[in-house]
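Peer 1: Quick one: the structure is below, and I'll ask about it shortly.
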Amino acid sequence: MVEVKRCDWIQGKPDYYVHYHDHIWGKPEYDDQALYKWLILECFHTGLSWQLVLSKEAHFSEAFLDYDYQLVAQFTEDDIQRLKNNPGIIRHEGKIKAAINNAKAFMEIQNEYGSFKEYIWGFTDGQQVVKQTDDHLTRSDLSDTITKSLKAHGFKWVGSVTIYSYLQAIGIINDHDLACDFR
């Protein structure tokens, strides 16, 4: 049996986290609905553990209507109250409102660029940034630039550390350890 080598940080994590590492993290994502999904989850991740957020992903999916940003953009105050009372998700009012606001901003970018994919991947000319060292970064010039642009487009609850994690989640940045088989 061949032993699979993974990033050091994934050791001892639950199966759903290992699945995320093996099949999602650092893998290029081009579907707008999935790009919105990971943006929502990363915004909820701010100040909390990613393991906590991933453990609640199925509840987030249900609460945010399978991450249908067109529907989320139409959420009302009643929906905000419903989400604040949902024990399956992180019930932070600011983050809930940001998810709704960001759905609207997301669609504005789609209107301007043709798709969110064209916008977000345009920062790297469609190329993946692949880690060349075993340093563990939490932000970069790229995440700073994208954060500034997102904020200019009206996005909320986005900072450079959050956006760096987002870029890892959607594969624009591949930060797998150099010895990792999933690089």
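FYI, nothing fancy with the structure tokens labels: chains A, B, ... in order, residues from 1 per chain, ligands from 1 as they appear.
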Compile the contact shell of stretch 9-13 of chain A as a ChimeraX atom specification: residues with an atom at most 10 Å away, counting only C-alpha atoms, same-chain residues fewer than 6 positions apart removed.
Peer 2: /A:19-22,51,176-177
Peer 1: Which residues, written as a PyMOL selection string, have at least one atom at most 12 Å from A:Thr138, with only C-alpha atoms counted and residues fewer than 5 positions away on the same chain left out?
Peer 2: chain A and resi 143-144+159-168+173+175
Peer 1: Just to confirm, what's the straight-line distance from atom CA of A:Leu150 to atom CA of A:Gly94 in Å (one decimal)?
Peer 2: 17.2 Å
Peer 1: Closest to A:Val2 among A:Pro28, A:Glu108, A:Ser149, A:Asp181, using only C-alpha atoms?
Peer 2: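 For A:Val2, the nearest of the given residues is A:Asp181.
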Peer 1: Counting only C-alpha atoms, figure out which residue out of A:Asn174, A:Ser55, A:Gln70, A:Ser61 gets nearest to A:Phe106.
Peer 2: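 Distance minimum relative to A:Phe106 lands on A:Gln70.
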Peer 1: Taking only C-alpha atoms into account, name the residue in A:Ile40, A:Leu54, A:Phe182, A:Met1 that is nearest to A:Pro14.
Peer 2: A:Leu54
Peer 1: Select, from A:Tyr113, A:Tyr17, A:Trp121, A:Trp157, the residue with the minimum atom-to-atom distance to A:Ser49, counting only C-alpha atoms.
Peer 2: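 When distances to A:Ser49 are compared using only C-alpha atoms, the smallest one comes from A:Tyr17.
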Peer 1: Using backbone DSSP assignments, extract all strand (DSSP E) residues from chain A; output them as a list in words.
Peer 2: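 For chain A, the strand (DSSP E) set is Val129, Val130, Ile173 and Asn174 of chain A.
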Peer 1: Within 12 Å of A:Leu48, counting only C-alpha atoms, which residues show up once you throw out same-chain ones fewer than 5 positions away? Write them as a ChimeraX atom specification, please.
Peer 2: /A:41-43,53-54,90,92,162
Peer 1: Restricting it to N, CA and C atoms, dump the selection as an mmCIF file, in the first residue's frame.
Peer 2:
```cif
data_model
loop_
_atom_site.group_PDB
_atom_site.id
_atom_site.type_symbol
_atom_site.label_atom_id
_atom_site.label_comp_id
_atom_site.auth_asym_id
_atom_site.auth_seq_id
_atom_site.Cartn_x
_atom_site.Cartn_y
_atom_site.Cartn_z
ATOM 1 N N LEU A 41 -18.453 31.269 2.617
ATOM 2 C CA LEU A 41 -17.867 30.482 3.699
ATOM 3 C C LEU A 41 -16.613 31.140 4.255
ATOM 4 N N GLU A 42 -15.792 31.717 3.380
ATOM 5 C CA GLU A 42 -14.588 32.393 3.870
ATOM 6 C C GLU A 42 -14.944 33.638 4.687
ATOM 7 N N CYS A 43 -15.977 34.348 4.309
ATOM 8 C CA CYS A 43 -16.396 35.510 5.102
ATOM 9 C C CYS A 43 -16.890 35.076 6.477
ATOM 10 N N VAL A 53 -16.209 26.049 10.287
ATOM 11 C CA VAL A 53 -17.012 26.439 9.117
ATOM 12 C C VAL A 53 -17.293 25.220 8.243
ATOM 13 N N LEU A 54 -16.263 24.436 7.932
ATOM 14 C CA LEU A 54 -16.471 23.249 7.091
ATOM 15 C C LEU A 54 -17.435 22.260 7.729
ATOM 16 N N ILE A 90 -23.281 29.773 11.493
ATOM 17 C CA ILE A 90 -22.707 30.811 12.356
ATOM 18 C C ILE A 90 -23.667 31.991 12.278
ATOM 19 N N HIS A 92 -23.905 35.183 13.017
ATOM 20 C CA HIS A 92 -23.362 36.534 13.186
ATOM 21 C C HIS A 92 -24.094 37.468 12.212
ATOM 22 N N THR A 162 -8.713 37.058 4.744
ATOM 23 C CA THR A 162 -9.894 36.322 4.273
ATOM 24 C C THR A 162 -9.783 36.030 2.788
#
```
Peer 1: What is the atom CA of A:Ile170-atom CA of A:Thr76 distance in Å, reported with one decimal?
Peer 2: 28.5 Å
Peer 1: Residues at most 8 Å from A:Met107, counting only C-alpha atoms, excluding those fewer than 4 positions away in the same chain, as a ChimeraX atom specification?
Peer 2: /A:69-70,103,111,116
Peer 1: Here is a test: counting only C-alpha atoms, which residue of A:Ile146, A:Phe64, A:Ala98, A:Lys5 is nearest to A:Thr46?
Peer 2: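 Smallest distance to A:Thr46 is found for A:Ala98.
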Peer 1: Would you list the contacts of A:Phe75 as JSON, numbers by chain, taking every protein, DNA or RNA residue within 10 Å and counting only C-alpha atoms, but skipping same-chain residues closer than 2 positions in sequence?
Peer 2: {"A": [64, 69, 70, 71, 72, 73, 77, 78, 79, 80, 97, 99, 100, 101, 103]}
Peer 1: In Å, with one decimal, what is the gap from atom CA of A:Gln127 to atom CA of A:Ile24?
Peer 2: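 These two atoms are separated by 16.9 Å.
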Peer 1: Between A:Ala152, A:Ser115, A:Phe60, A:Gln128, which residue has the minimum interatomic distance to A:Arg91, considering only C-alpha atoms?
Peer 2: A:Phe60
Peer 1: Please return as a PyMOL selection string: the residues of stretch 12-102 of chain A that backbone DSSP assigns to helix (DSSP H, G or I).
Peer 2: chain A and resi 15-23+32-45+50-55+57-63+65-67+69-72+77-84+93-102
